[in-house]
Amino acid sequence: MRLLLITPHLIAGGAERDTIALAGGLVRRGHHVTLVSHAGALSPEAEGSGVEVVELRTHSRNPLGLARLSRELAALVAEGGCDLVHTQAVLPAVAARRGLGRGVPILATIHNLHWRWSYPLAAGLLRWAADRVLFVSDYERRNFRRCGFPDDRALTVQTGLPDAFFDVEPERTGDRFIFLIPARLDGRKGHDDLLRAAKLCSHVPLDVWIAGDGPARRSLERMAERLGVTGRVRFLGFQRDMPALLGRVNALILPSLRESLPLSLREGFAAGLPAVATAVGGVPELVEHGLTGFLVPRRDHRRLARAMRRLAAGPGMAERMGETARRTAERRWRLDGYLDRLEMVYRELLEGR
């Protein structure tokens with residue numbers, strides 16, 4: 001098949017890493033894939049995956065920008081052909097439908113929406129623009145159903161992970177228990193609650209590694225200084241080799257304010273790591289409390305600290321939970337299984353034309 005994949009950005013985020021893994025897997029299966037996106041930190045990974053990358057302003061949210069994108073997509077398809085369009089967000093699907101008409105099936109994957117007020121609008125736009133919509137969590141699918149999106153055009157399909165995450169070899173050194181939060185520093189992932197929790201763990205030999213970058217980094221660094229936790233909290237910045245980093249830590253932590261189905265937790269599970277996370281959005285669809293980690297309420301740094309201390313106090317517990325998490329990942333998130341299901345959806349859409 002000749003497939004056009006569209007994602008708004010190639011920034012260092014879960015949806016973007018999902019898209020690159022998908023594109024590379026489809027190429028390895030013999031499909032011709034063109035990935036259309038605005039540039040970002042993950043552009044080198046996309047270009048190195050064997051995918052044809054076309055840079056357009058796919059992140060635009062204003063009518064003029066979307067109209068321009070529609071014309072550019074129409075020209076791209078007229079020149080190279082396309083059997084199916086698969087977008088990773090709402091507005092690119094709208095632009096594709098406007099530019100390509102009804103001649104090409106359009107599939108949209110919804111990873112998450114950041115604002116609750118946007119659900120009715122997004123559901124209405126996708127009713128018009130998309131032939132089928134995939135949701136990475138039942139949580140997001142329910143949100144759209146409540147806003148009138150027809151459930152017979154919806155599927156929940158959790159994305160797959162590259163083999164590198166299942167092949168992680170532990171390289172942990174030292175006697176301190178290390179929690180890793182791999183997330184963009186933008187105020188939505190609860191980094192401030194994590195710093196407050198770290199202060200309450202001062203008598204426990206544990207450290208917190210913060211991987212990622214973003215606009216909130218400097219304020220969080222200042223907060224760590226004020227709380228006196230700079231000795232146990234490390235800001236690592238953007239990390240390209242996540243499997244290697246996962247091999248050096250004991251557990252993941254994600255005190256997010258809102259989530260759909262965080263990729264970072266699935267990657268950690270594949271690497272055999274348990275997780276402490278807030279029970280928001282689709283996270284309870286991943287973390288089984290007491291089996292693969294601990295769930296805590298959002299914005300409760302005391303409960304967060306308590307779960308951290310409990311997991312770090314007995315490494316045997318973390319190892320047992322991590323092994324259960326790994327078995328879960330093997331069963332649910334191997335990339336080949338995801339690609340098999342996605343190709344089935346592609347064929348159904350093409351045969352239904």
# chains A, B, ... in the order shown; residues from 1 in each chain; ligands from 1
>>> select_by_dssp(residues="stretch 35-123 of chain A", states="strand (DSSP E or B)", output="list in words")
Leu35, Val36, Ser37, Glu52, Val53, Val54, Glu55, Leu84, Val85, His86, Thr87, Ile106, Leu107, Ala108, Thr109 and Ile110 of chain A
>>> residues_around(residues="A:Ala305", least_positions_apart="6", cutoff="12 Å", atoms="only C-alpha atoms", output="PyMOL selection string")
chain A and resi 179+193-204+206+208+253+255+276-278+294-297+299+311-313
>>> write_last_selection(atoms="N, CA and C atoms", output="PDB file, in the first residue's frame")
ATOM      1  N   PHE A 179      14.069   6.198  40.633  1.00  0.00           N
ATOM      2  CA  PHE A 179      12.822   6.417  39.909  1.00  0.00           C
ATOM      3  C   PHE A 179      13.111   7.308  38.701  1.00  0.00           C
ATOM      4  N   ASP A 193       4.691  18.052  41.920  1.00  0.00           N
ATOM      5  CA  ASP A 193       4.287  17.115  42.972  1.00  0.00           C
ATOM      6  C   ASP A 193       5.396  16.100  43.249  1.00  0.00           C
ATOM      7  N   LEU A 194       6.097  15.697  42.217  1.00  0.00           N
ATOM      8  CA  LEU A 194       7.182  14.736  42.394  1.00  0.00           C
ATOM      9  C   LEU A 194       8.316  15.332  43.228  1.00  0.00           C
ATOM     10  N   LEU A 195       8.643  16.589  42.988  1.00  0.00           N
ATOM     11  CA  LEU A 195       9.694  17.228  43.787  1.00  0.00           C
ATOM     12  C   LEU A 195       9.275  17.324  45.258  1.00  0.00           C
ATOM     13  N   ARG A 196       8.012  17.646  45.510  1.00  0.00           N
ATOM     14  CA  ARG A 196       7.535  17.700  46.898  1.00  0.00           C
ATOM     15  C   ARG A 196       7.581  16.312  47.536  1.00  0.00           C
ATOM     16  N   ALA A 197       7.255  15.289  46.747  1.00  0.00           N
ATOM     17  CA  ALA A 197       7.310  13.921  47.269  1.00  0.00           C
ATOM     18  C   ALA A 197       8.747  13.508  47.560  1.00  0.00           C
ATOM     19  N   ALA A 198       9.666  13.922  46.700  1.00  0.00           N
ATOM     20  CA  ALA A 198      11.079  13.582  46.917  1.00  0.00           C
ATOM     21  C   ALA A 198      11.579  14.152  48.242  1.00  0.00           C
ATOM     22  N   LYS A 199      11.094  15.324  48.603  1.00  0.00           N
ATOM     23  CA  LYS A 199      11.504  15.925  49.879  1.00  0.00           C
ATOM     24  C   LYS A 199      11.037  15.068  51.061  1.00  0.00           C
ATOM     25  N   LEU A 200       9.871  14.423  50.926  1.00  0.00           N
ATOM     26  CA  LEU A 200       9.341  13.585  51.991  1.00  0.00           C
ATOM     27  C   LEU A 200      10.018  12.218  52.053  1.00  0.00           C
ATOM     28  N   CYS A 201      10.909  11.955  51.101  1.00  0.00           N
ATOM     29  CA  CYS A 201      11.620  10.670  51.072  1.00  0.00           C
ATOM     30  C   CYS A 201      13.082  10.836  51.467  1.00  0.00           C
ATOM     31  N   SER A 202      13.383  11.880  52.224  1.00  0.00           N
ATOM     32  CA  SER A 202      14.782  12.211  52.493  1.00  0.00           C
ATOM     33  C   SER A 202      15.507  11.135  53.286  1.00  0.00           C
ATOM     34  N   HIS A 203      14.771  10.330  54.052  1.00  0.00           N
ATOM     35  CA  HIS A 203      15.425   9.303  54.862  1.00  0.00           C
ATOM     36  C   HIS A 203      15.511   7.952  54.158  1.00  0.00           C
ATOM     37  N   VAL A 204      15.086   7.896  52.899  1.00  0.00           N
ATOM     38  CA  VAL A 204      15.109   6.648  52.117  1.00  0.00           C
ATOM     39  C   VAL A 204      16.166   6.788  51.025  1.00  0.00           C
ATOM     40  N   LEU A 206      16.814   6.766  47.907  1.00  0.00           N
ATOM     41  CA  LEU A 206      16.256   6.768  46.559  1.00  0.00           C
ATOM     42  C   LEU A 206      16.590   8.086  45.857  1.00  0.00           C
ATOM     43  N   VAL A 208      15.655  10.489  42.098  1.00  0.00           N
ATOM     44  CA  VAL A 208      14.695  10.743  41.033  1.00  0.00           C
ATOM     45  C   VAL A 208      15.449  11.306  39.836  1.00  0.00           C
ATOM     46  N   ILE A 253       8.019   6.585  37.334  1.00  0.00           N
ATOM     47  CA  ILE A 253       7.064   7.352  38.120  1.00  0.00           C
ATOM     48  C   ILE A 253       6.433   8.403  37.211  1.00  0.00           C
ATOM     49  N   PRO A 255       3.413  11.166  37.857  1.00  0.00           N
ATOM     50  CA  PRO A 255       2.330  11.800  38.621  1.00  0.00           C
ATOM     51  C   PRO A 255       1.519  12.799  37.797  1.00  0.00           C
ATOM     52  N   VAL A 276       4.916   3.812  39.547  1.00  0.00           N
ATOM     53  CA  VAL A 276       4.042   4.568  40.442  1.00  0.00           C
ATOM     54  C   VAL A 276       3.432   5.677  39.594  1.00  0.00           C
ATOM     55  N   ALA A 277       2.106   5.749  39.549  1.00  0.00           N
ATOM     56  CA  ALA A 277       1.463   6.703  38.651  1.00  0.00           C
ATOM     57  C   ALA A 277       0.148   7.174  39.246  1.00  0.00           C
ATOM     58  N   THR A 278      -0.300   8.329  38.791  1.00  0.00           N
ATOM     59  CA  THR A 278      -1.598   8.836  39.218  1.00  0.00           C
ATOM     60  C   THR A 278      -2.712   8.111  38.462  1.00  0.00           C
ATOM     61  N   PHE A 294       1.882   0.952  41.659  1.00  0.00           N
ATOM     62  CA  PHE A 294       0.935   1.573  42.574  1.00  0.00           C
ATOM     63  C   PHE A 294       0.259   2.761  41.902  1.00  0.00           C
ATOM     64  N   LEU A 295      -1.041   2.895  42.134  1.00  0.00           N
ATOM     65  CA  LEU A 295      -1.811   4.041  41.663  1.00  0.00           C
ATOM     66  C   LEU A 295      -2.097   4.966  42.842  1.00  0.00           C
ATOM     67  N   VAL A 296      -1.963   6.267  42.607  1.00  0.00           N
ATOM     68  CA  VAL A 296      -2.220   7.254  43.661  1.00  0.00           C
ATOM     69  C   VAL A 296      -3.102   8.360  43.085  1.00  0.00           C
ATOM     70  N   PRO A 297      -3.804   9.103  43.937  1.00  0.00           N
ATOM     71  CA  PRO A 297      -4.625  10.216  43.441  1.00  0.00           C
ATOM     72  C   PRO A 297      -3.743  11.335  42.882  1.00  0.00           C
ATOM     73  N   ARG A 299      -2.386  15.058  42.333  1.00  0.00           N
ATOM     74  CA  ARG A 299      -2.151  16.204  43.201  1.00  0.00           C
ATOM     75  C   ARG A 299      -2.080  15.825  44.690  1.00  0.00           C
ATOM     76  N   LEU A 311       7.752   1.103  47.513  1.00  0.00           N
ATOM     77  CA  LEU A 311       8.380   0.354  46.424  1.00  0.00           C
ATOM     78  C   LEU A 311       9.886   0.275  46.601  1.00  0.00           C
ATOM     79  N   ALA A 312      10.491   1.355  47.104  1.00  0.00           N
ATOM     80  CA  ALA A 312      11.947   1.392  47.239  1.00  0.00           C
ATOM     81  C   ALA A 312      12.446   0.614  48.452  1.00  0.00           C
ATOM     82  N   ALA A 313      11.556   0.400  49.445  1.00  0.00           N
ATOM     83  CA  ALA A 313      11.998  -0.229  50.692  1.00  0.00           C
ATOM     84  C   ALA A 313      12.406  -1.674  50.502  1.00  0.00           C
TER      85      ALA A 313
END
>>> residues_around(residues="stretch 52-54 of chain A", least_positions_apart="4", cutoff="10 Å", atoms="only C-alpha atoms", output="ChimeraX atom specification")
/A:4-6,23,27,32-39,43,46-48,76
>>> write_last_selection(atoms="C-alpha atoms", output="mmCIF file, in the first residue's frame")
data_model
loop_
_atom_site.group_PDB
_atom_site.id
_atom_site.type_symbol
_atom_site.label_atom_id
_atom_site.label_comp_id
_atom_site.auth_asym_id
_atom_site.auth_seq_id
_atom_site.Cartn_x
_atom_site.Cartn_y
_atom_site.Cartn_z
ATOM 1 C CA LEU A 4 0.391 8.810 3.970
ATOM 2 C CA LEU A 5 1.011 9.254 7.701
ATOM 3 C CA ILE A 6 0.456 12.720 9.144
ATOM 4 C CA ALA A 23 6.058 4.170 10.065
ATOM 5 C CA VAL A 27 8.131 0.130 5.713
ATOM 6 C CA HIS A 32 5.528 2.717 0.837
ATOM 7 C CA VAL A 33 5.151 5.236 3.648
ATOM 8 C CA THR A 34 5.357 9.010 3.460
ATOM 9 C CA LEU A 35 5.464 10.708 6.845
ATOM 10 C CA VAL A 36 4.264 14.313 6.761
ATOM 11 C CA SER A 37 5.048 16.459 9.772
ATOM 12 C CA HIS A 38 6.458 19.656 11.120
ATOM 13 C CA ALA A 39 10.085 19.240 12.196
ATOM 14 C CA SER A 43 13.246 14.292 12.984
ATOM 15 C CA ALA A 46 12.096 9.531 11.537
ATOM 16 C CA GLU A 47 14.541 10.072 8.691
ATOM 17 C CA GLY A 48 16.634 7.114 9.842
ATOM 18 C CA LEU A 76 1.517 15.669 -2.678
#
>>> residues_around(residues="A:Pro315", least_positions_apart="4", cutoff="9 Å", atoms="only C-alpha atoms", output="number ranges by chain")
A: 177, 250, 311, 319-320
>>> write_last_selection(atoms="N, CA and C atoms", output="JSON list (two decimals), in the first residue's frame")
[["chain", "number", "residue", "atom", "x", "y", "z"],
["A", 177, "PHE", "N", 17.85, 3.32, 45.10],
["A", 177, "PHE", "CA", 16.71, 2.99, 44.24],
["A", 177, "PHE", "C", 16.41, 4.20, 43.38],
["A", 250, "ASN", "N", 15.26, 1.66, 38.44],
["A", 250, "ASN", "CA", 14.51, 0.60, 39.11],
["A", 250, "ASN", "C", 13.01, 0.66, 38.88],
["A", 311, "LEU", "N", 7.75, 1.10, 47.51],
["A", 311, "LEU", "CA", 8.38, 0.35, 46.42],
["A", 311, "LEU", "C", 9.89, 0.27, 46.60],
["A", 319, "GLU", "N", 11.13, -5.94, 41.82],
["A", 319, "GLU", "CA", 11.50, -6.95, 40.82],
["A", 319, "GLU", "C", 10.31, -7.84, 40.47],
["A", 320, "ARG", "N", 9.54, -8.24, 41.47],
["A", 320, "ARG", "CA", 8.36, -9.08, 41.20],
["A", 320, "ARG", "C", 7.33, -8.32, 40.37]]
>>> residues_around(residues="A:Leu22", least_positions_apart="3", cutoff="8 Å", atoms="only C-alpha atoms", output="PyMOL selection string")
chain A and resi 18-19+25-26+160+339
>>> decode(residues="stretch 251-273 of chain A", atoms="N, CA and C atoms", output="PDB file, in the first residue's frame")
ATOM      1  N   ALA A 251      12.498   1.840  38.602  1.00  0.00           N
ATOM      2  CA  ALA A 251      11.048   1.985  38.442  1.00  0.00           C
ATOM      3  C   ALA A 251      10.748   3.286  37.720  1.00  0.00           C
ATOM      4  N   LEU A 252       9.549   3.348  37.130  1.00  0.00           N
ATOM      5  CA  LEU A 252       9.062   4.582  36.521  1.00  0.00           C
ATOM      6  C   LEU A 252       8.115   5.277  37.489  1.00  0.00           C
ATOM      7  N   ILE A 253       8.019   6.585  37.334  1.00  0.00           N
ATOM      8  CA  ILE A 253       7.064   7.352  38.120  1.00  0.00           C
ATOM      9  C   ILE A 253       6.433   8.403  37.211  1.00  0.00           C
ATOM     10  N   LEU A 254       5.107   8.551  37.294  1.00  0.00           N
ATOM     11  CA  LEU A 254       4.407   9.469  36.400  1.00  0.00           C
ATOM     12  C   LEU A 254       3.206  10.069  37.143  1.00  0.00           C
ATOM     13  N   PRO A 255       3.413  11.166  37.857  1.00  0.00           N
ATOM     14  CA  PRO A 255       2.330  11.800  38.621  1.00  0.00           C
ATOM     15  C   PRO A 255       1.519  12.799  37.797  1.00  0.00           C
ATOM     16  N   SER A 256       1.102  12.398  36.610  1.00  0.00           N
ATOM     17  CA  SER A 256       0.457  13.312  35.665  1.00  0.00           C
ATOM     18  C   SER A 256      -0.875  13.835  36.185  1.00  0.00           C
ATOM     19  N   LEU A 257      -1.229  15.011  35.691  1.00  0.00           N
ATOM     20  CA  LEU A 257      -2.531  15.591  35.988  1.00  0.00           C
ATOM     21  C   LEU A 257      -3.598  15.029  35.063  1.00  0.00           C
ATOM     22  N   ARG A 258      -3.190  14.653  33.860  1.00  0.00           N
ATOM     23  CA  ARG A 258      -4.123  14.085  32.886  1.00  0.00           C
ATOM     24  C   ARG A 258      -3.340  13.241  31.896  1.00  0.00           C
ATOM     25  N   GLU A 259      -3.882  12.080  31.533  1.00  0.00           N
ATOM     26  CA  GLU A 259      -3.226  11.199  30.573  1.00  0.00           C
ATOM     27  C   GLU A 259      -4.286  10.464  29.760  1.00  0.00           C
ATOM     28  N   SER A 260      -3.876   9.942  28.619  1.00  0.00           N
ATOM     29  CA  SER A 260      -4.711   9.016  27.873  1.00  0.00           C
ATOM     30  C   SER A 260      -4.177   7.604  28.093  1.00  0.00           C
ATOM     31  N   LEU A 261      -3.078   7.253  27.432  1.00  0.00           N
ATOM     32  CA  LEU A 261      -2.423   5.958  27.628  1.00  0.00           C
ATOM     33  C   LEU A 261      -0.929   6.191  27.459  1.00  0.00           C
ATOM     34  N   PRO A 262      -0.237   6.603  28.538  1.00  0.00           N
ATOM     35  CA  PRO A 262       1.143   7.075  28.399  1.00  0.00           C
ATOM     36  C   PRO A 262       2.094   6.024  27.846  1.00  0.00           C
ATOM     37  N   LEU A 263       2.791   6.398  26.786  1.00  0.00           N
ATOM     38  CA  LEU A 263       3.758   5.508  26.159  1.00  0.00           C
ATOM     39  C   LEU A 263       4.893   5.175  27.113  1.00  0.00           C
ATOM     40  N   SER A 264       5.303   6.131  27.929  1.00  0.00           N
ATOM     41  CA  SER A 264       6.447   5.901  28.801  1.00  0.00           C
ATOM     42  C   SER A 264       6.208   4.730  29.746  1.00  0.00           C
ATOM     43  N   LEU A 265       4.985   4.574  30.254  1.00  0.00           N
ATOM     44  CA  LEU A 265       4.698   3.451  31.143  1.00  0.00           C
ATOM     45  C   LEU A 265       4.774   2.126  30.396  1.00  0.00           C
ATOM     46  N   ARG A 266       4.271   2.095  29.182  1.00  0.00           N
ATOM     47  CA  ARG A 266       4.335   0.852  28.400  1.00  0.00           C
ATOM     48  C   ARG A 266       5.783   0.489  28.072  1.00  0.00           C
ATOM     49  N   GLU A 267       6.594   1.484  27.750  1.00  0.00           N
ATOM     50  CA  GLU A 267       8.007   1.219  27.495  1.00  0.00           C
ATOM     51  C   GLU A 267       8.695   0.667  28.741  1.00  0.00           C
ATOM     52  N   GLY A 268       8.374   1.256  29.892  1.00  0.00           N
ATOM     53  CA  GLY A 268       8.952   0.768  31.134  1.00  0.00           C
ATOM     54  C   GLY A 268       8.519  -0.653  31.448  1.00  0.00           C
ATOM     55  N   PHE A 269       7.252  -0.978  31.220  1.00  0.00           N
ATOM     56  CA  PHE A 269       6.776  -2.341  31.441  1.00  0.00           C
ATOM     57  C   PHE A 269       7.544  -3.325  30.565  1.00  0.00           C
ATOM     58  N   ALA A 270       7.723  -2.974  29.289  1.00  0.00           N
ATOM     59  CA  ALA A 270       8.451  -3.860  28.387  1.00  0.00           C
ATOM     60  C   ALA A 270       9.867  -4.120  28.876  1.00  0.00           C
ATOM     61  N   ALA A 271      10.456  -3.120  29.532  1.00  0.00           N
ATOM     62  CA  ALA A 271      11.806  -3.247  30.072  1.00  0.00           C
ATOM     63  C   ALA A 271      11.832  -3.916  31.444  1.00  0.00           C
ATOM     64  N   GLY A 272      10.665  -4.325  31.960  1.00  0.00           N
ATOM     65  CA  GLY A 272      10.607  -5.008  33.236  1.00  0.00           C
ATOM     66  C   GLY A 272      10.604  -4.102  34.443  1.00  0.00           C
ATOM     67  N   LEU A 273      10.046  -2.894  34.306  1.00  0.00           N
ATOM     68  CA  LEU A 273      10.019  -1.940  35.410  1.00  0.00           C
ATOM     69  C   LEU A 273       8.604  -1.744  35.918  1.00  0.00           C
TER      70      LEU A 273
END
